[in-house]
>>> print(open('start18.txt').read())   # compact mmCIF, C-alpha atoms and all ligand atoms
# COMPACT_ATOMS: atom_id res chain seq x y z
CA MET D 906 16.35 -55.34 -44.26
CA ASP D 907 19.59 -57.30 -43.83
CA LEU D 908 22.99 -56.31 -45.21
CA ILE D 909 25.19 -59.24 -46.14
CA ALA D 910 28.93 -59.24 -46.82
CA ASN D 911 29.20 -62.19 -49.15
CA HIS D 912 32.76 -63.56 -49.51
CA ILE D 913 34.22 -60.12 -50.11
CA SER D 914 37.87 -59.91 -51.20
CA HIS D 915 39.61 -56.82 -52.47
CA ARG D 916 42.98 -55.84 -53.93
CA PHE D 917 44.39 -52.44 -54.79
CA GLY D 918 46.78 -53.49 -57.56
CA ASP D 919 49.25 -55.91 -55.94
CA LEU D 920 48.07 -55.09 -52.42
CA ALA D 921 45.64 -57.67 -51.03
CA VAL D 922 43.43 -55.75 -48.60
CA LEU D 923 40.47 -58.01 -47.78
CA ASP D 924 40.27 -61.79 -47.94
CA ASP D 925 36.95 -63.61 -48.07
CA VAL D 926 35.02 -61.54 -45.54
CA SER D 927 31.47 -62.74 -44.85
CA PHE D 928 28.98 -61.65 -42.19
CA THR D 929 25.40 -60.45 -41.92
CA VAL D 930 24.02 -57.29 -40.36
CA SER D 931 20.43 -58.18 -39.49
CA ALA D 932 17.66 -55.59 -39.53
CA GLY D 933 18.14 -53.16 -36.67
CA GLU D 934 21.44 -54.69 -35.58
CA VAL D 935 24.53 -52.62 -34.76
CA VAL D 936 27.80 -54.23 -35.88
CA ALA D 937 31.21 -52.72 -35.14
CA ILE D 938 34.26 -53.49 -37.27
CA VAL D 939 37.63 -53.36 -35.50
CA GLY D 940 41.12 -54.51 -36.41
CA PRO D 941 44.72 -53.33 -36.72
CA SER D 942 45.56 -50.18 -38.62
CA GLY D 943 45.40 -50.65 -42.39
CA CYS D 944 43.57 -54.00 -42.25
CA GLY D 945 40.87 -52.83 -44.65
CA LYS D 946 38.07 -51.57 -42.37
CA SER D 947 37.33 -48.42 -44.40
CA THR D 948 37.65 -50.35 -47.65
CA LEU D 949 35.12 -52.88 -46.37
CA LEU D 950 32.67 -50.12 -45.40
CA SER D 951 33.00 -48.49 -48.84
CA ILE D 952 32.28 -51.85 -50.46
CA LEU D 953 29.28 -52.47 -48.21
CA GLY D 954 27.89 -49.04 -49.10
CA GLY D 955 28.38 -49.57 -52.85
CA LEU D 956 31.07 -46.88 -53.23
CA LEU D 957 33.69 -49.42 -54.27
CA GLN D 958 33.38 -52.56 -56.35
CA PRO D 959 35.17 -55.50 -54.66
CA THR D 960 37.62 -57.68 -56.59
CA SER D 961 35.43 -60.66 -55.73
CA GLY D 962 32.33 -61.35 -53.69
CA ALA D 963 29.61 -58.75 -53.20
CA PRO D 964 27.50 -56.91 -50.65
CA GLU D 965 23.83 -57.86 -50.74
CA LEU D 966 20.66 -56.36 -49.36
CA ARG D 967 17.95 -58.82 -48.41
CA GLY D 968 14.39 -57.92 -47.57
CA ALA D 969 12.40 -54.75 -48.06
CA PRO D 970 13.63 -51.42 -46.69
CA PRO D 971 11.48 -49.83 -43.96
CA ALA D 972 8.45 -47.93 -45.25
CA GLY D 973 9.40 -44.41 -46.28
CA SER D 974 13.14 -45.08 -46.47
CA LEU D 975 14.65 -42.84 -49.17
CA ASN D 976 18.16 -44.26 -48.92
CA PRO D 977 18.46 -47.59 -47.09
CA LEU D 978 22.27 -47.40 -46.71
CA THR D 979 23.44 -43.96 -45.60
CA PHE D 980 26.97 -42.84 -44.69
CA VAL D 981 28.00 -40.64 -41.76
CA PHE D 982 31.45 -39.22 -42.49
CA GLN D 983 34.40 -38.68 -40.16
CA ASP D 984 34.97 -35.13 -41.48
CA PHE D 985 31.21 -34.34 -41.44
CA ALA D 986 31.15 -33.44 -45.20
CA LEU D 987 28.85 -30.44 -44.71
CA LEU D 988 28.14 -27.74 -47.28
CA PRO D 989 29.80 -24.65 -45.76
CA TRP D 990 27.60 -22.15 -47.63
CA ALA D 991 24.37 -23.78 -46.47
CA THR D 992 22.61 -23.43 -43.11
CA VAL D 993 22.05 -26.38 -40.80
CA GLU D 994 18.54 -26.96 -42.12
CA GLU D 995 19.66 -26.61 -45.73
CA ASN D 996 22.39 -29.18 -45.12
CA VAL D 997 19.85 -31.60 -43.65
CA GLU D 998 17.42 -30.94 -46.50
CA PHE D 999 20.07 -31.40 -49.20
CA PRO D 1000 19.75 -35.18 -49.75
CA LEU D 1001 15.96 -34.78 -50.00
CA LEU D 1002 16.02 -32.28 -52.85
CA HIS D 1003 15.98 -34.89 -55.59
CA ALA D 1004 13.47 -37.19 -53.91
CA GLN D 1005 9.86 -37.24 -55.07
CA LEU D 1006 8.58 -35.26 -52.10
CA SER D 1007 6.38 -32.22 -51.67
CA ALA D 1008 7.82 -29.22 -49.83
CA THR D 1009 5.60 -30.12 -46.85
CA GLN D 1010 6.88 -33.70 -46.73
CA ARG D 1011 10.45 -32.44 -46.99
CA ARG D 1012 9.93 -29.97 -44.19
CA ALA D 1013 8.46 -32.67 -41.96
CA LEU D 1014 11.49 -34.93 -42.51
CA VAL D 1015 13.92 -32.08 -41.82
CA GLU D 1016 12.01 -31.07 -38.66
CA ASP D 1017 12.06 -34.62 -37.36
CA ALA D 1018 15.78 -35.10 -38.06
CA LEU D 1019 16.66 -31.75 -36.43
CA ARG D 1020 14.57 -32.60 -33.38
CA ARG D 1021 16.14 -36.03 -32.92
CA THR D 1022 19.64 -34.53 -32.92
CA GLY D 1023 18.83 -31.50 -30.74
CA LEU D 1024 19.44 -29.03 -33.57
CA THR D 1025 16.04 -27.34 -33.83
CA ASP D 1026 17.32 -24.08 -32.35
CA PHE D 1027 20.38 -24.07 -34.63
CA ARG D 1028 18.53 -24.43 -37.94
CA LYS D 1029 19.60 -21.04 -39.34
CA THR D 1030 23.22 -21.40 -38.24
CA TYR D 1031 26.11 -22.06 -40.65
CA PRO D 1032 28.56 -24.94 -40.07
CA LYS D 1033 31.51 -22.64 -39.40
CA GLN D 1034 29.63 -21.12 -36.45
CA LEU D 1035 29.31 -24.53 -34.80
CA SER D 1036 31.64 -26.65 -32.66
CA GLY D 1037 32.94 -29.95 -34.05
CA GLY D 1038 30.40 -31.94 -32.07
CA MET D 1039 27.49 -29.86 -33.33
CA ARG D 1040 28.79 -30.17 -36.90
CA GLN D 1041 28.79 -33.92 -36.58
CA ARG D 1042 25.24 -33.73 -35.23
CA VAL D 1043 24.34 -31.98 -38.50
CA GLY D 1044 25.99 -34.86 -40.38
CA ILE D 1045 23.96 -37.36 -38.35
CA SER D 1046 20.78 -35.33 -38.79
CA ARG D 1047 21.29 -35.26 -42.58
CA ALA D 1048 21.70 -39.05 -42.51
CA LEU D 1049 18.52 -39.51 -40.43
CA ALA D 1050 16.47 -37.31 -42.79
CA VAL D 1051 16.52 -39.99 -45.50
CA LYS D 1052 15.19 -42.62 -43.07
CA PRO D 1053 18.03 -45.12 -43.49
CA ALA D 1054 17.68 -48.80 -42.68
CA ILE D 1055 21.40 -48.97 -41.86
CA LEU D 1056 23.84 -46.18 -41.03
CA LEU D 1057 27.39 -46.74 -42.31
CA MET D 1058 29.83 -44.91 -40.04
CA ASP D 1059 33.60 -44.69 -40.48
CA GLU D 1060 35.23 -43.39 -37.30
CA PRO D 1061 32.51 -40.75 -36.94
CA LEU D 1062 33.89 -39.42 -33.64
CA SER D 1063 37.61 -39.48 -34.34
CA ALA D 1064 37.84 -35.77 -35.22
CA LEU D 1065 36.35 -34.81 -31.84
CA ASP D 1066 37.76 -34.22 -28.35
CA SER D 1067 37.06 -36.81 -25.66
CA GLN D 1068 34.20 -35.00 -23.90
CA THR D 1069 32.42 -34.31 -27.18
CA ARG D 1070 32.95 -37.93 -28.18
CA GLU D 1071 31.26 -39.02 -24.99
CA LEU D 1072 28.26 -36.75 -25.64
CA LEU D 1073 27.87 -37.98 -29.21
CA MET D 1074 28.29 -41.57 -28.07
CA GLU D 1075 25.28 -41.01 -25.80
CA ASP D 1076 23.40 -39.62 -28.82
CA PHE D 1077 24.21 -42.71 -30.90
CA ILE D 1078 23.12 -45.03 -28.10
CA ARG D 1079 19.82 -43.15 -27.83
CA LEU D 1080 19.22 -42.98 -31.61
CA LEU D 1081 19.88 -46.69 -32.05
CA ALA D 1082 18.13 -47.81 -28.86
CA ASP D 1083 14.79 -48.87 -30.31
CA GLY D 1084 16.27 -51.14 -33.02
CA GLY D 1085 14.43 -49.23 -35.75
CA MET D 1086 17.71 -48.58 -37.53
CA GLY D 1087 20.86 -50.69 -37.80
CA ALA D 1088 24.46 -49.56 -38.16
CA VAL D 1089 27.90 -50.66 -39.25
CA TYR D 1090 30.43 -48.77 -37.16
CA VAL D 1091 34.14 -48.79 -38.07
CA THR D 1092 36.35 -47.77 -35.17
CA HIS D 1093 39.77 -48.06 -33.57
CA ASN D 1094 38.14 -47.44 -30.23
CA LEU D 1095 37.24 -50.71 -28.51
CA GLU D 1096 35.21 -48.95 -25.82
CA GLU D 1097 32.97 -47.38 -28.47
CA ALA D 1098 32.63 -50.75 -30.16
CA ALA D 1099 31.64 -52.53 -26.93
CA ARG D 1100 29.19 -49.84 -25.83
CA LEU D 1101 27.42 -49.41 -29.12
CA ALA D 1102 27.49 -52.71 -30.95
CA ASP D 1103 25.46 -55.90 -30.63
CA ARG D 1104 28.28 -57.77 -32.36
CA ILE D 1105 31.90 -56.90 -33.07
CA VAL D 1106 33.63 -58.17 -36.21
CA VAL D 1107 37.36 -58.48 -35.44
CA LEU D 1108 39.52 -58.39 -38.58
CA SER D 1109 43.07 -59.73 -38.82
CA ARG D 1110 46.01 -57.76 -40.11
CA ARG D 1111 45.99 -57.02 -43.85
CA PRO D 1112 44.71 -58.74 -45.86
CA GLY D 1113 41.81 -58.43 -43.44
CA ARG D 1114 40.12 -61.75 -42.70
CA ILE D 1115 37.54 -62.36 -40.02
CA ARG D 1116 39.34 -63.45 -36.86
CA GLU D 1117 36.28 -63.58 -34.70
CA VAL D 1118 32.77 -62.21 -34.43
CA VAL D 1119 32.16 -61.36 -30.77
CA THR D 1120 28.62 -61.01 -29.47
CA VAL D 1121 28.27 -58.33 -26.79
CA PRO D 1122 26.67 -60.20 -23.89
CA LEU D 1123 24.45 -57.34 -22.71
CA SER D 1124 21.24 -55.88 -24.04
CA ARG D 1125 21.25 -52.28 -25.26
CA ALA D 1126 19.33 -51.20 -22.18
CA GLU D 1127 21.78 -52.98 -19.84
CA ARG D 1128 24.79 -51.37 -21.53
CA GLY D 1129 23.66 -47.95 -20.34
CA GLU D 1130 23.84 -48.98 -16.67
CA SER D 1131 27.00 -48.33 -14.68
CA VAL D 1132 27.31 -51.95 -13.44
CA ALA D 1133 27.73 -52.94 -17.09
CA ARG D 1134 31.06 -51.05 -17.30
CA GLU D 1135 33.06 -53.89 -15.78
CA ARG D 1136 31.67 -56.46 -18.18
CA LEU D 1137 32.24 -54.18 -21.13
CA LEU D 1138 35.80 -53.59 -19.96
CA ALA D 1139 36.38 -57.36 -19.82
CA LEU D 1140 35.06 -57.61 -23.37
CA GLN D 1141 37.37 -54.81 -24.55
CA ASN D 1142 40.33 -56.63 -23.00
CA GLN D 1143 39.30 -59.85 -24.75
CA ILE D 1144 39.17 -58.07 -28.13
CA TRP D 1145 42.40 -56.19 -27.48
CA SER D 1146 44.18 -59.47 -26.75
CA LEU D 1147 42.95 -60.70 -30.15
CA ILE D 1148 44.45 -57.79 -32.06
CA ARG D 1149 47.31 -56.52 -29.88
CA ASN D 1150 50.21 -58.37 -31.53
CA GLU D 1151 48.98 -57.59 -35.00
CA ALA D 1152 48.43 -53.95 -34.02
CA ILE D 1153 52.11 -53.78 -33.02
CA ASP D 1154 53.15 -55.32 -36.36
CA ALA D 1155 50.87 -52.97 -38.28
CA GLU D 1156 52.29 -49.96 -36.46
CA ARG D 1157 55.86 -51.01 -37.25
CA GLU D 1158 54.98 -51.55 -40.88
CA VAL D 1159 53.49 -48.06 -41.15
CA GLN D 1160 56.59 -46.52 -39.49
CA HIS D 1161 59.00 -48.31 -41.80
CA ALA D 1162 57.02 -47.72 -44.97
N1 LIG F 1 42.42 -46.15 -53.11
C1 LIG F 1 43.45 -46.88 -52.66
N2 LIG F 1 44.47 -47.23 -53.48
C2 LIG F 1 45.51 -47.96 -53.04
N3 LIG F 1 45.63 -48.42 -51.77
C3 LIG F 1 44.64 -48.09 -50.91
C4 LIG F 1 43.51 -47.31 -51.31
N4 LIG F 1 42.70 -47.16 -50.22
C5 LIG F 1 43.29 -47.80 -49.21
N5 LIG F 1 44.46 -48.37 -49.61
C6 LIG F 1 45.35 -49.19 -48.79
O1 LIG F 1 44.59 -50.32 -48.42
C7 LIG F 1 44.91 -50.70 -47.08
C8 LIG F 1 43.65 -50.72 -46.25
O2 LIG F 1 43.18 -49.38 -46.09
P1 LIG F 1 41.90 -49.03 -45.21
O3 LIG F 1 41.83 -47.54 -45.13
O4 LIG F 1 40.73 -49.77 -45.71
O5 LIG F 1 42.31 -49.66 -43.80
P2 LIG F 1 41.76 -49.32 -42.34
O6 LIG F 1 41.74 -50.61 -41.60
O7 LIG F 1 40.49 -48.56 -42.44
O8 LIG F 1 42.93 -48.39 -41.83
P3 LIG F 1 43.00 -47.46 -40.53
O9 LIG F 1 42.74 -48.35 -39.38
O10 LIG F 1 44.42 -46.96 -40.55
O11 LIG F 1 41.97 -46.38 -40.72
C9 LIG F 1 45.96 -49.70 -46.59
O12 LIG F 1 47.23 -50.28 -46.78
C10 LIG F 1 45.76 -48.52 -47.51
O13 LIG F 1 46.98 -47.81 -47.67
>>> encode(input="start18.txt", output="structure tokens", more="lines below")
Ligand SMILES: Nc1ncnc2c1ncn2[C@@H]1O[C@H](COP(=O)(O)OP(=O)(O)OP(=O)(O)O)[C@@H](O)[C@H]1O
Amino acid sequence: MDLIANHISHRFGDLAVLDDVSFTVSAGEVVAIVGPSGCGKSTLLSILGGLLQPTSGAPELRGAPPAGSLNPLTFVFQDFALLPWATVEENVEFPLLHAQLSATQRRALVEDALRRTGLTDFRKTYPKQLSGGMRQRVGISRALAVKPAILLMDEPLSALDSQTRELLMEDFIRLLADGGMGAVYVTHNLEEAARLADRIVVLSRRPGRIREVVTVPLSRAERGESVARERLLALQNQIWSLIRNEAIDAEREVQHA
């Protein structure tokens, strides 16, 4: 199933936020969205996921979702959005409660999602007993339980310390490795974008327009190898040079607002 941004523009009142943004996320593809602060990245993700109606243009889904997918487009949130009164397994089960599933089918989906995120031994734990990284694993596990075609992620690692980020980055790379699931990944972090994505959509300063769509010139398998670091670093520098001046302007605007 492909996700298409079709000439999307958006305004909040007088503020033009996105201007004619078009691109396609093909089945199984990982696309990162980067750009200066306030250029409309989160707004674009909300529009793609159907949470916000754009002023013009539209997101489109083309093709059938994978067999058994209960929610083809599924969000992973920056602040995890867990139910504090529910255990890990209850949190993961939550989005399945209203699906037409037997208890056995539900249990199988929860088991699989817990296993894929290394949470099997933490099933009876409550979120407040867990570290930030483990909480985000619960958020990811809950997203996996509904068998998404495409994960929509808005800075999913930004609330975490650098070592935890690195561990979760490795989890994302592993979970997305087989191309069975695609993702749209909004981030400020160019290293995360280059390591995870097949293509990187670079937005201009607000109103966000597409400046460039950069294809990462390494396969997913190659990106895991240490020799790839230099090439990924060169790519990060290339993208940074595209947005650096506008990032400075955006920062000044925020400070003077
Ligand atoms: N609900 C809203 N009402 C009014 N303005 C909004 C609303 N949501 C976002 N904005 C404004 O729209 C612009 C784009 O916001 P958005 O969060 O999409 O940008 P971003 O690129 O994700 O930002 P950042 O990089 O800082 O996370 C900003 O100027 C923001 O203040």
>>> closest_residue(input="start18.txt", among="D:Arg1100, D:Arg967, D:Arg1111, D:Lys1052", to="D:Ser914", atoms="all atoms listed in the file")
D:Arg1111
>>> closest_residue(input="start18.txt", among="D:Leu949, D:Leu1081, D:Met1074, D:Ile1115", to="D:Asn1094", atoms="only C-alpha atoms")
D:Met1074
>>> residues_near_ligand(input="start18.txt", ligand="ligand LIG 1 (chain F)", cutoff="12 Å", atoms="all atoms listed in the file", output="ChimeraX atom specification")
/D:914-924,938-952,956-959,983,1058-1061,1063,1090-1094,1107-1114,1151-1152,1155-1156,1158-1159,1162
>>> write_last_selection(input="start18.txt", atoms="C-alpha atoms", output="compact mmCIF listing (two decimals), keeping the file's coordinate frame")
# COMPACT_ATOMS: atom_id res chain seq x y z
CA SER D 914 37.87 -59.91 -51.20
CA HIS D 915 39.61 -56.82 -52.47
CA ARG D 916 42.98 -55.84 -53.93
CA PHE D 917 44.39 -52.44 -54.79
CA GLY D 918 46.78 -53.49 -57.56
CA ASP D 919 49.25 -55.91 -55.94
CA LEU D 920 48.07 -55.09 -52.42
CA ALA D 921 45.64 -57.67 -51.03
CA VAL D 922 43.43 -55.75 -48.60
CA LEU D 923 40.47 -58.01 -47.78
CA ASP D 924 40.27 -61.79 -47.94
CA ILE D 938 34.26 -53.49 -37.27
CA VAL D 939 37.63 -53.36 -35.50
CA GLY D 940 41.12 -54.51 -36.41
CA PRO D 941 44.72 -53.33 -36.72
CA SER D 942 45.56 -50.18 -38.62
CA GLY D 943 45.40 -50.65 -42.39
CA CYS D 944 43.57 -54.00 -42.25
CA GLY D 945 40.87 -52.83 -44.65
CA LYS D 946 38.07 -51.57 -42.37
CA SER D 947 37.33 -48.42 -44.40
CA THR D 948 37.65 -50.35 -47.65
CA LEU D 949 35.12 -52.88 -46.37
CA LEU D 950 32.67 -50.12 -45.40
CA SER D 951 33.00 -48.49 -48.84
CA ILE D 952 32.28 -51.85 -50.46
CA LEU D 956 31.07 -46.88 -53.23
CA LEU D 957 33.69 -49.42 -54.27
CA GLN D 958 33.38 -52.56 -56.35
CA PRO D 959 35.17 -55.50 -54.66
CA GLN D 983 34.40 -38.68 -40.16
CA MET D 1058 29.83 -44.91 -40.04
CA ASP D 1059 33.60 -44.69 -40.48
CA GLU D 1060 35.23 -43.39 -37.30
CA PRO D 1061 32.51 -40.75 -36.94
CA SER D 1063 37.61 -39.48 -34.34
CA TYR D 1090 30.43 -48.77 -37.16
CA VAL D 1091 34.14 -48.79 -38.07
CA THR D 1092 36.35 -47.77 -35.17
CA HIS D 1093 39.77 -48.06 -33.57
CA ASN D 1094 38.14 -47.44 -30.23
CA VAL D 1107 37.36 -58.48 -35.44
CA LEU D 1108 39.52 -58.39 -38.58
CA SER D 1109 43.07 -59.73 -38.82
CA ARG D 1110 46.01 -57.76 -40.11
CA ARG D 1111 45.99 -57.02 -43.85
CA PRO D 1112 44.71 -58.74 -45.86
CA GLY D 1113 41.81 -58.43 -43.44
CA ARG D 1114 40.12 -61.75 -42.70
CA GLU D 1151 48.98 -57.59 -35.00
CA ALA D 1152 48.43 -53.95 -34.02
CA ALA D 1155 50.87 -52.97 -38.28
CA GLU D 1156 52.29 -49.96 -36.46
CA GLU D 1158 54.98 -51.55 -40.88
CA VAL D 1159 53.49 -48.06 -41.15
CA ALA D 1162 57.02 -47.72 -44.97
>>> closest_residue(input="start18.txt", among="D:Arg1047, D:Arg1042, D:Arg1079, D:Arg1104", to="D:Thr929", atoms="all atoms listed in the file")
D:Arg1104
>>> residues_near_point(input="start18.txt", point="(32.3, -59.6, -19.8)", cutoff="12 Å", atoms="all atoms listed in the file", output="list in words")
Ala1099, Arg1100, Val1119, Thr1120, Val1121, Pro1122, Leu1123, Arg1128, Val1132, Ala1133, Arg1134, Glu1135, Arg1136, Leu1137, Leu1138, Ala1139, Leu1140, Gln1141, Asn1142, Gln1143 and Ile1144 of chain D
>>> closest_residue(input="start18.txt", among="D:Arg1040, D:Arg1028, D:Arg1125, D:His1003", to="D:Leu987", atoms="only C-alpha atoms")
D:Arg1040
>>> residues_around(input="start18.txt", residues="D:Glu1016", least_positions_apart="3", cutoff="9 Å", atoms="all atoms listed in the file", output="ChimeraX atom specification")
/D:994,1011-1013,1019-1021,1025,1050
>>> atom_distance(input="start18.txt", atom1="atom CA of D:Gln1068", atom2="atom CA of D:Asp1083")
24.7 Å
>>> atom_distance(input="start18.txt", atom1="atom CA of D:Leu1101", atom2="atom CA of D:Asp1066")
18.4 Å
>>> closest_residue(input="start18.txt", among="D:Val993, D:Ala1064, D:Val1118, D:Ile1148", to="D:Leu1035", atoms="all atoms listed in the file")
D:Val993
>>> residues_around(input="start18.txt", residues="D:Ala1082", least_positions_apart="5", cutoff="12 Å", atoms="only C-alpha atoms", output="PyMOL selection string")
chain D and resi 933-935+1074-1077+1087-1088+1100-1103+1124-1129
>>> atom_distance(input="start18.txt", atom1="atom CA of D:Ser974", atom2="atom CA of D:Gly1085")
11.6 Å
>>> closest_residue(input="start18.txt", among="D:Ala991, D:Leu1006, D:Pro1053, D:Ala986", to="D:Gly1037", atoms="only C-alpha atoms")
D:Ala986
>>> axis_aligned_box(input="start18.txt", around="stretch 1031-1047 of chain D", padding_each_side="5 Å", output="lines of an AutoDock Vina configuration file")
center_x = 26.9
center_y = -29.2
center_z = -37.3
size_x = 22.2
size_y = 26.2
size_z = 20.5
>>> residues_around(input="start18.txt", residues="D:Met906", least_positions_apart="5", cutoff="10 Å", atoms="all atoms listed in the file", output="ChimeraX atom specification")
/D:930-933,966-971,977,1054-1055,1086-1087
>>> decode(input="start18.txt", residues="stretch 967-1033 of chain D", atoms="C-alpha atoms", output="tab-separated table (two decimals), in the first residue's frame")
chain	number	residue	atom	x	y	z
D	967	ARG	CA	-3.34	3.47	-2.95
D	968	GLY	CA	-3.46	-0.30	-3.05
D	969	ALA	CA	-4.68	-2.86	-0.56
D	970	PRO	CA	-3.32	-2.94	2.99
D	971	PRO	CA	-1.33	-6.05	3.96
D	972	ALA	CA	-3.46	-9.04	4.94
D	973	GLY	CA	-4.51	-8.82	8.57
D	974	SER	CA	-3.73	-5.12	8.96
D	975	LEU	CA	-6.15	-3.61	11.49
D	976	ASN	CA	-4.94	-0.04	11.10
D	977	PRO	CA	-2.83	0.65	8.00
D	978	LEU	CA	-1.56	4.05	9.24
D	979	THR	CA	-0.47	3.94	12.87
D	980	PHE	CA	1.17	6.70	14.93
D	981	VAL	CA	4.08	6.33	17.36
D	982	PHE	CA	4.10	9.36	19.67
D	983	GLN	CA	7.03	11.35	21.02
D	984	ASP	CA	5.61	11.29	24.57
D	985	PHE	CA	4.66	7.58	24.30
D	986	ALA	CA	0.94	8.25	25.11
D	987	LEU	CA	0.62	5.19	27.37
D	988	LEU	CA	-2.26	4.47	29.74
D	989	PRO	CA	-0.63	4.82	33.19
D	990	TRP	CA	-3.17	2.59	34.96
D	991	ALA	CA	-2.70	-0.28	32.52
D	992	THR	CA	0.09	-2.87	32.41
D	993	VAL	CA	2.43	-3.21	29.44
D	994	GLU	CA	0.35	-5.98	27.90
D	995	GLU	CA	-2.91	-4.11	28.51
D	996	ASN	CA	-1.44	-1.05	26.80
D	997	VAL	CA	-0.45	-3.15	23.80
D	998	GLU	CA	-3.85	-4.85	23.73
D	999	PHE	CA	-5.78	-1.58	23.99
D	1000	PRO	CA	-6.09	-0.74	20.26
D	1001	LEU	CA	-7.28	-4.31	19.60
D	1002	LEU	CA	-10.22	-4.18	21.99
D	1003	HIS	CA	-12.67	-2.83	19.44
D	1004	ALA	CA	-11.47	-4.99	16.56
D	1005	GLN	CA	-13.47	-8.04	15.51
D	1006	LEU	CA	-11.07	-10.51	17.09
D	1007	SER	CA	-11.42	-13.47	19.41
D	1008	ALA	CA	-9.54	-13.39	22.71
D	1009	THR	CA	-7.12	-15.97	21.26
D	1010	GLN	CA	-6.41	-13.88	18.18
D	1011	ARG	CA	-5.90	-10.81	20.36
D	1012	ARG	CA	-3.52	-12.67	22.63
D	1013	ALA	CA	-1.50	-13.89	19.65
D	1014	LEU	CA	-1.12	-10.34	18.30
D	1015	VAL	CA	-0.08	-9.01	21.72
D	1016	GLU	CA	2.43	-11.86	22.19
D	1017	ASP	CA	3.98	-11.20	18.81
D	1018	ALA	CA	4.24	-7.44	19.36
D	1019	LEU	CA	5.77	-7.92	22.84
D	1020	ARG	CA	8.28	-10.42	21.49
D	1021	ARG	CA	9.37	-8.17	18.62
D	1022	THR	CA	10.10	-5.32	21.03
D	1023	GLY	CA	11.77	-7.42	23.73
D	1024	LEU	CA	8.99	-6.78	26.25
D	1025	THR	CA	7.78	-10.32	26.93
D	1026	ASP	CA	9.26	-10.37	30.44
D	1027	PHE	CA	7.80	-6.94	31.26
D	1028	ARG	CA	4.18	-7.72	30.38
D	1029	LYS	CA	2.82	-7.26	33.92
D	1030	THR	CA	4.79	-4.08	34.58
D	1031	TYR	CA	3.21	-0.61	34.72
D	1032	PRO	CA	4.60	2.28	32.63
D	1033	LYS	CA	5.78	4.25	35.65
